[in-house]
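Participant: Below is the file structure05.tsv, which contains TSV, C-alpha atoms.
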chain	number	residue	atom	x	y	z
A	1	MET	CA	-6.56	0.95	-18.04
A	2	LEU	CA	-4.30	3.90	-18.85
A	3	SER	CA	-2.39	3.24	-22.05
A	4	ARG	CA	-0.98	6.23	-23.94
A	5	GLN	CA	-3.87	6.09	-26.39
A	6	ALA	CA	-6.37	6.04	-23.54
A	7	LEU	CA	-4.54	8.93	-21.91
A	8	ARG	CA	-4.90	11.01	-25.06
A	9	SER	CA	-8.61	10.24	-25.15
A	10	LEU	CA	-9.01	11.13	-21.50
A	11	ARG	CA	-7.12	14.37	-21.96
A	12	ALA	CA	-9.38	15.35	-24.83
A	13	ALA	CA	-12.48	14.62	-22.78
A	14	ALA	CA	-11.30	16.21	-19.54
A	15	PRO	CA	-11.98	19.88	-18.75
A	16	GLN	CA	-9.09	21.95	-20.06
A	17	ARG	CA	-7.94	23.50	-16.82
A	18	ALA	CA	-5.14	23.08	-14.37
A	19	LEU	CA	-5.65	21.06	-11.23
A	20	SER	CA	-7.61	22.98	-8.64
A	21	ARG	CA	-5.28	24.73	-6.22
A	22	SER	CA	-8.19	25.19	-3.83
A	23	ALA	CA	-8.46	21.39	-3.65
A	24	VAL	CA	-4.79	21.19	-2.71
A	25	ARG	CA	-5.22	23.87	-0.09
A	26	SER	CA	-8.25	22.15	1.44
A	27	TYR	CA	-6.33	18.88	1.64
A	28	ALA	CA	-3.49	20.59	3.47
A	29	ALA	CA	-5.68	22.81	5.66
A	30	ALA	CA	-5.30	22.04	9.33
A	31	ALA	CA	-8.26	21.81	11.66
A	32	PRO	CA	-7.80	22.70	15.35
A	33	GLN	CA	-7.48	19.02	16.27
A	34	GLU	CA	-4.30	17.25	17.29
A	35	VAL	CA	-3.80	13.97	15.43
A	36	LYS	CA	-0.97	11.59	16.21
A	37	PRO	CA	-0.63	8.58	13.89
A	38	PRO	CA	-0.15	5.29	15.75
A	39	ILE	CA	3.18	4.63	14.03
A	40	SER	CA	5.79	6.62	12.14
A	41	VAL	CA	6.43	5.84	8.48
A	42	TYR	CA	9.36	7.30	6.65
A	43	GLY	CA	10.36	8.59	3.23
A	44	LEU	CA	8.44	10.98	1.01
A	45	ASP	CA	5.72	8.39	0.53
A	46	GLY	CA	5.49	8.11	4.32
A	47	THR	CA	5.09	11.87	4.59
A	48	TYR	CA	2.15	11.84	2.19
A	49	ALA	CA	0.61	8.80	3.91
A	50	THR	CA	0.87	10.48	7.32
A	51	ALA	CA	-0.65	13.70	5.99
A	52	LEU	CA	-3.50	11.73	4.43
A	53	TYR	CA	-4.17	9.87	7.67
A	54	THR	CA	-4.22	13.16	9.58
A	55	ALA	CA	-6.60	14.75	7.07
A	56	ALA	CA	-8.89	11.70	7.12
A	57	VAL	CA	-9.10	11.70	10.92
A	58	LYS	CA	-9.80	15.43	11.05
A	59	SER	CA	-12.54	15.13	8.44
A	60	SER	CA	-14.01	11.95	9.99
A	61	THR	CA	-13.49	10.05	6.73
A	62	LEU	CA	-10.92	7.49	7.87
A	63	ASP	CA	-12.84	4.34	6.93
A	64	PRO	CA	-13.90	5.46	3.41
A	65	THR	CA	-10.41	6.83	2.81
A	66	ALA	CA	-8.90	3.47	3.83
A	67	ARG	CA	-11.25	1.67	1.42
A	68	ALA	CA	-10.27	4.07	-1.37
A	69	LEU	CA	-6.54	3.61	-0.79
A	70	THR	CA	-6.97	-0.16	-0.79
A	71	ALA	CA	-8.87	0.09	-4.08
A	72	LEU	CA	-6.19	2.34	-5.58
A	73	GLY	CA	-3.45	-0.05	-4.50
A	74	ASP	CA	-5.34	-2.97	-6.06
A	75	LEU	CA	-5.37	-1.18	-9.43
A	76	TYR	CA	-1.66	-1.86	-9.84
A	77	ALA	CA	-2.29	-5.61	-9.91
A	78	LYS	CA	-5.06	-5.16	-12.47
A	79	ASP	CA	-3.26	-2.72	-14.79
A	80	ALA	CA	0.37	-3.51	-15.58
A	81	LYS	CA	0.82	-0.18	-17.39
A	82	LEU	CA	-0.44	2.03	-14.56
A	83	ALA	CA	2.90	2.53	-12.81
A	84	ALA	CA	4.63	3.52	-16.06
A	85	VAL	CA	1.89	5.99	-16.97
A	86	LEU	CA	1.96	7.68	-13.57
A	87	ALA	CA	5.76	7.94	-13.73
A	88	THR	CA	5.77	9.64	-17.16
A	89	PRO	CA	7.81	12.84	-16.70
A	90	THR	CA	6.11	14.75	-19.52
A	91	LEU	CA	2.55	14.74	-18.15
A	92	THR	CA	0.81	18.07	-18.64
A	93	ASP	CA	-1.69	19.55	-16.19
A	94	ALA	CA	-4.44	18.33	-18.52
A	95	ASP	CA	-2.94	14.82	-18.49
A	96	LYS	CA	-2.82	14.79	-14.69
A	97	SER	CA	-6.38	16.08	-14.39
A	98	ALA	CA	-7.53	13.32	-16.73
A	99	ILE	CA	-5.60	10.66	-14.81
A	100	VAL	CA	-7.00	11.80	-11.46
A	101	ALA	CA	-10.53	11.78	-12.88
A	102	GLU	CA	-10.03	8.28	-14.32
A	103	LEU	CA	-8.62	6.95	-11.04
A	104	GLN	CA	-11.63	8.27	-9.15
A	105	LYS	CA	-13.99	6.81	-11.74
A	106	THR	CA	-12.28	3.42	-11.68
A	107	ILE	CA	-12.52	2.95	-7.90
A	108	GLY	CA	-16.15	4.09	-7.95
A	109	ALA	CA	-17.84	5.26	-4.76
A	110	ALA	CA	-14.65	4.75	-2.76
A	111	GLY	CA	-13.10	7.74	-4.51
A	112	ALA	CA	-16.04	10.08	-4.00
A	113	ASN	CA	-15.04	11.60	-0.66
A	114	GLU	CA	-13.28	14.95	-0.65
A	115	THR	CA	-10.27	13.71	1.33
A	116	VAL	CA	-9.36	11.25	-1.42
A	117	LYS	CA	-10.07	13.76	-4.19
A	118	ASN	CA	-7.82	16.34	-2.55
A	119	PHE	CA	-5.12	13.75	-1.87
A	120	LEU	CA	-4.97	12.74	-5.55
A	121	ALA	CA	-5.03	16.39	-6.60
A	122	THR	CA	-2.12	17.10	-4.25
A	123	LEU	CA	-0.02	14.26	-5.69
A	124	ALA	CA	-0.74	15.50	-9.20
A	125	GLU	CA	-0.07	19.15	-8.34
A	126	ASN	CA	3.30	18.20	-6.84
A	127	ASN	CA	4.23	15.84	-9.69
A	128	ARG	CA	4.18	12.87	-7.29
A	129	LEU	CA	1.64	10.56	-8.91
A	130	ALA	CA	4.43	8.00	-9.30
A	131	LEU	CA	4.42	7.65	-5.49
A	132	LEU	CA	0.79	6.53	-5.37
A	133	LYS	CA	1.45	2.79	-4.85
A	134	ASP	CA	4.03	3.43	-2.11
A	135	VAL	CA	1.73	5.90	-0.37
A	136	CYS	CA	-1.07	3.33	-0.46
A	137	ASP	CA	1.24	0.77	1.15
A	138	LYS	CA	2.43	3.16	3.88
A	139	PHE	CA	-1.13	4.32	4.55
A	140	GLY	CA	-2.12	0.67	4.93
A	141	GLU	CA	0.59	0.22	7.57
A	142	ILE	CA	-0.76	3.20	9.53
A	143	ILE	CA	-4.35	1.92	9.29
A	144	SER	CA	-3.34	-1.57	10.44
A	145	ALA	CA	-1.56	-0.09	13.45
A	146	SER	CA	-4.57	2.08	14.30
A	147	ARG	CA	-6.76	-1.04	14.32
A	148	GLY	CA	-4.37	-2.99	16.52
A	149	GLU	CA	-3.40	-5.27	13.66
A	150	ILE	CA	-0.04	-6.99	13.30
A	151	GLU	CA	0.85	-8.09	9.80
A	152	MET	CA	1.96	-11.66	9.36
A	153	VAL	CA	3.36	-12.50	5.93
A	154	VAL	CA	3.65	-16.22	5.24
A	155	THR	CA	5.87	-17.03	2.27
A	156	SER	CA	5.53	-20.49	0.74
A	157	ALA	CA	6.72	-22.25	-2.39
A	158	GLN	CA	3.08	-22.83	-3.39
A	159	PRO	CA	-0.15	-21.07	-2.38
A	160	LEU	CA	-1.51	-22.18	1.00
A	161	ASP	CA	-5.15	-23.12	1.44
A	162	ASN	CA	-7.39	-21.21	3.84
A	163	ARG	CA	-7.40	-24.04	6.37
A	164	THR	CA	-3.61	-24.03	6.66
A	165	LEU	CA	-3.50	-20.23	6.95
A	166	SER	CA	-6.20	-20.34	9.62
A	167	ARG	CA	-4.23	-22.90	11.64
A	168	LEU	CA	-1.09	-20.77	11.39
A	169	GLU	CA	-3.02	-17.67	12.44
A	170	THR	CA	-4.48	-19.46	15.47
A	171	ALA	CA	-1.08	-20.80	16.54
A	172	VAL	CA	0.75	-17.50	16.17
A	173	SER	CA	-2.06	-15.52	17.84
A	174	LYS	CA	-1.38	-17.48	21.05
A	175	SER	CA	2.38	-16.97	20.86
A	176	GLN	CA	4.69	-14.38	22.38
A	177	TYR	CA	4.89	-12.61	19.02
A	178	VAL	CA	1.40	-11.13	19.32
A	179	GLY	CA	0.58	-8.84	22.22
A	180	ALA	CA	-2.68	-8.79	24.14
A	181	GLY	CA	-5.51	-7.13	22.26
A	182	LYS	CA	-3.70	-7.35	18.92
A	183	LYS	CA	-5.12	-8.91	15.76
A	184	LEU	CA	-3.20	-10.72	13.06
A	185	LYS	CA	-3.53	-9.65	9.45
A	186	VAL	CA	-2.37	-12.66	7.45
A	187	THR	CA	-1.02	-12.50	3.91
A	188	ASN	CA	0.29	-15.43	1.89
A	189	THR	CA	2.96	-14.71	-0.71
A	190	VAL	CA	4.43	-17.29	-3.08
A	191	ASN	CA	8.14	-17.62	-3.79
A	192	PRO	CA	9.17	-20.88	-5.51
A	193	GLU	CA	12.83	-20.16	-4.71
A	194	ILE	CA	12.39	-21.19	-1.06
A	195	LEU	CA	11.77	-24.74	-2.46
A	196	GLY	CA	9.55	-25.78	0.44
A	197	GLY	CA	8.69	-25.02	4.04
A	198	LEU	CA	7.70	-21.53	5.18
A	199	VAL	CA	9.11	-18.10	5.93
A	200	VAL	CA	6.96	-16.32	8.50
A	201	GLU	CA	7.36	-12.59	9.05
A	202	ILE	CA	5.56	-11.06	12.03
A	203	GLY	CA	6.14	-7.34	12.39
A	204	ASP	CA	9.93	-6.97	12.45
A	205	ARG	CA	10.57	-10.65	13.27
A	206	THR	CA	11.34	-13.37	10.74
A	207	ILE	CA	11.07	-17.12	11.29
A	208	ASP	CA	12.79	-18.92	8.41
A	209	LEU	CA	11.67	-22.54	8.14
A	210	SER	CA	12.30	-22.81	4.41
A	211	VAL	CA	14.05	-25.70	2.71
A	212	SER	CA	16.39	-23.26	0.94
A	213	SER	CA	17.50	-21.86	4.29
A	214	LYS	CA	18.21	-25.34	5.65
A	215	ILE	CA	20.23	-26.19	2.54
A	216	ALA	CA	22.20	-22.95	2.86
A	217	LYS	CA	23.01	-23.73	6.51
A	218	MET	CA	24.05	-27.27	5.59
A	219	ASN	CA	26.29	-25.99	2.79
A	220	LYS	CA	27.92	-23.50	5.15
A	221	LEU	CA	28.50	-26.23	7.73
A	222	LEU	CA	30.10	-28.47	5.11
A	223	THR	CA	32.23	-25.62	3.79
A	224	ASP	CA	33.45	-24.65	7.26
A	225	THR	CA	34.21	-28.27	8.10
A	226	LEU	CA	36.16	-28.88	4.88
Let's see the structure in the file written out as structure tokens.
Facilitator:
Amino acid sequence: MLSRQALRSLRAAAPQRALSRSAVRSYAAAAPQEVKPPISVYGLDGTYATALYTAAVKSSTLDPTARALTALGDLYAKDAKLAAVLATPTLTDADKSAIVAELQKTIGAAGANETVKNFLATLAENNRLALLKDVCDKFGEIISASRGEIEMVVTSAQPLDNRTLSRLETAVSKSQYVGAGKKLKVTNTVNPEILGGLVVEIGDRTIDLSVSSKIAKMNKLLTDTL
């Protein structure tokens, strides 16, 4: 999506002006409303994600902002060069304006609300576009917590079918790992190195039922015995 050649074309087509400081100010402006995120996220990316959540709540744009951040995060899987382009240290103001405009265009209607526009302008103004993916991830954590969701990541050696994931979700939902009124958000990741079995991560808990883990325990037992 954003190769160097495309970036030059975008820069030529974009308005030749610096990023709007008024946009940055409006993103940071505080309304007389106290907002407390449901969880704390840390690091500089966490700071931006928390500020974005606060701004979205104050402007009553939380749902469209969440959709936009999901769409922005998905761009990284579709465009292998995106991360490198955003991390380029020599981007001019014109480059950053062009990139922000292209990001908004690419995610379509999801990027049309002012909260998202001002968020992207703030990252660009502060030379933090390289943090975009991490901010999207941290914002997703905050949104999940606000919806009462608990993330369950199931790692398998091969992709699991929907029926298997549904059975796992049903079983875990009835367990002690999920509190009353909470919803599971299930993600399946593939890691051939576990050889077989499953590794289930629920919040900060990990249940390792992988073949590789069993082999490692067996090897340790043999080593200790010998």
Participant: Determine, counting all atoms listed in the file, which protein, DNA and RNA residues have an atom within 7 Å of an atom of A:Leu120; residues of the same chain fewer than 4 positions away are not included. Present the result as a list in words.
Facilitator: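 So, after excluding close chain neighbours, the residues are Val100, Val116 and Ala124 of chain A.
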Participant: Do you know which residues are at most 8 Å from A:Val190 counting all atoms listed in the file, after dropping those on the same chain fewer than 4 positions away, and could you put them as an NGL selection string?
Facilitator: :A and (155-159)
Participant: Please produce an output containing C-alpha atoms for each residue in the selection, written as an mmCIF file, in the coordinates of the input.
Facilitator:
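Generated file (again09.cif):
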data_model
loop_
_atom_site.group_PDB
_atom_site.id
_atom_site.type_symbol
_atom_site.label_atom_id
_atom_site.label_comp_id
_atom_site.auth_asym_id
_atom_site.auth_seq_id
_atom_site.Cartn_x
_atom_site.Cartn_y
_atom_site.Cartn_z
ATOM 1 C CA THR A 155 5.870 -17.030 2.270
ATOM 2 C CA SER A 156 5.530 -20.490 0.740
ATOM 3 C CA ALA A 157 6.720 -22.250 -2.390
ATOM 4 C CA GLN A 158 3.080 -22.830 -3.390
ATOM 5 C CA PRO A 159 -0.150 -21.070 -2.380
#
Participant: Quick one: what's the axis-aligned box for stretch 198-210 of chain A, all listed atoms, 8 Å on every side, centre and edges in Å to one decimal, as lines of an AutoDock Vina configuration file?
Facilitator:
center_x = 9.2
center_y = -14.9
center_z = 8.8
size_x = 23.2
size_y = 31.8
size_z = 24.9
Participant: Show me a table, sorted first by chain and then by increasing residue number, of the residues of stretch 64-164 of chain A having an atom at most 9 Å from stretch 37-44 of chain A, each with its shortest atom pair and the distance in Å to one decimal, counting only C-alpha atoms and written as JSON lines.
Facilitator:
{"residue": "A:Leu131", "atom": "CA", "partner": "A:Leu44", "partner_atom": "CA", "distance": 8.3}
{"residue": "A:Val135", "atom": "CA", "partner": "A:Leu44", "partner_atom": "CA", "distance": 8.5}
{"residue": "A:Lys138", "atom": "CA", "partner": "A:Val41", "partner_atom": "CA", "distance": 6.7}
{"residue": "A:Phe139", "atom": "CA", "partner": "A:Val41", "partner_atom": "CA", "distance": 8.7}
{"residue": "A:Glu141", "atom": "CA", "partner": "A:Val41", "partner_atom": "CA", "distance": 8.2}
{"residue": "A:Ile142", "atom": "CA", "partner": "A:Ile39", "partner_atom": "CA", "distance": 6.1}
{"residue": "A:Ile143", "atom": "CA", "partner": "A:Pro38", "partner_atom": "CA", "distance": 8.4}
{"residue": "A:Ala145", "atom": "CA", "partner": "A:Pro38", "partner_atom": "CA", "distance": 6.0}
{"residue": "A:Ser146", "atom": "CA", "partner": "A:Pro38", "partner_atom": "CA", "distance": 5.7}
Participant: Just the number, please: distance in Å from atom CA of A:Ser144 to atom CA of A:Ala55, one decimal.
Facilitator: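 Distance between the two atoms: 17.0 Å.
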Participant: Can I get a file of stretch 161-174 of chain A from the given structure, N, CA and C atoms kept, as a PDB file, in the first residue's frame?
Facilitator:
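File produced: decode.pdb:
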ATOM      1  N   ASP A 161     -10.814 -25.817  13.529  1.00  0.00           N
ATOM      2  CA  ASP A 161     -12.075 -25.477  12.866  1.00  0.00           C
ATOM      3  C   ASP A 161     -13.006 -24.782  13.858  1.00  0.00           C
ATOM      4  N   ASN A 162     -14.033 -24.152  13.325  1.00  0.00           N
ATOM      5  CA  ASN A 162     -14.959 -23.373  14.152  1.00  0.00           C
ATOM      6  C   ASN A 162     -15.669 -24.236  15.192  1.00  0.00           C
ATOM      7  N   ARG A 163     -15.967 -25.468  14.840  1.00  0.00           N
ATOM      8  CA  ARG A 163     -16.653 -26.353  15.782  1.00  0.00           C
ATOM      9  C   ARG A 163     -15.786 -26.619  17.009  1.00  0.00           C
ATOM     10  N   THR A 164     -14.515 -26.880  16.785  1.00  0.00           N
ATOM     11  CA  THR A 164     -13.604 -27.149  17.896  1.00  0.00           C
ATOM     12  C   THR A 164     -13.446 -25.902  18.776  1.00  0.00           C
ATOM     13  N   LEU A 165     -13.285 -24.737  18.137  1.00  0.00           N
ATOM     14  CA  LEU A 165     -13.161 -23.496  18.891  1.00  0.00           C
ATOM     15  C   LEU A 165     -14.417 -23.214  19.699  1.00  0.00           C
ATOM     16  N   SER A 166     -15.579 -23.506  19.108  1.00  0.00           N
ATOM     17  CA  SER A 166     -16.842 -23.287  19.802  1.00  0.00           C
ATOM     18  C   SER A 166     -16.959 -24.187  21.026  1.00  0.00           C
ATOM     19  N   ARG A 167     -16.530 -25.433  20.902  1.00  0.00           N
ATOM     20  CA  ARG A 167     -16.564 -26.363  22.033  1.00  0.00           C
ATOM     21  C   ARG A 167     -15.621 -25.911  23.141  1.00  0.00           C
ATOM     22  N   LEU A 168     -14.451 -25.428  22.763  1.00  0.00           N
ATOM     23  CA  LEU A 168     -13.504 -24.915  23.755  1.00  0.00           C
ATOM     24  C   LEU A 168     -14.086 -23.699  24.469  1.00  0.00           C
ATOM     25  N   GLU A 169     -14.679 -22.801  23.685  1.00  0.00           N
ATOM     26  CA  GLU A 169     -15.271 -21.590  24.261  1.00  0.00           C
ATOM     27  C   GLU A 169     -16.368 -21.934  25.262  1.00  0.00           C
ATOM     28  N   THR A 170     -17.222 -22.896  24.900  1.00  0.00           N
ATOM     29  CA  THR A 170     -18.315 -23.309  25.789  1.00  0.00           C
ATOM     30  C   THR A 170     -17.773 -23.906  27.083  1.00  0.00           C
ATOM     31  N   ALA A 171     -16.742 -24.750  26.957  1.00  0.00           N
ATOM     32  CA  ALA A 171     -16.169 -25.403  28.137  1.00  0.00           C
ATOM     33  C   ALA A 171     -15.514 -24.398  29.067  1.00  0.00           C
ATOM     34  N   VAL A 172     -14.729 -23.503  28.500  1.00  0.00           N
ATOM     35  CA  VAL A 172     -14.001 -22.534  29.330  1.00  0.00           C
ATOM     36  C   VAL A 172     -14.951 -21.501  29.934  1.00  0.00           C
ATOM     37  N   SER A 173     -16.019 -21.155  29.207  1.00  0.00           N
ATOM     38  CA  SER A 173     -16.987 -20.177  29.718  1.00  0.00           C
ATOM     39  C   SER A 173     -17.614 -20.634  31.026  1.00  0.00           C
ATOM     40  N   LYS A 174     -17.718 -21.966  31.217  1.00  0.00           N
ATOM     41  CA  LYS A 174     -18.337 -22.511  32.425  1.00  0.00           C
ATOM     42  C   LYS A 174     -17.318 -22.770  33.527  1.00  0.00           C
TER      43      LYS A 174
END
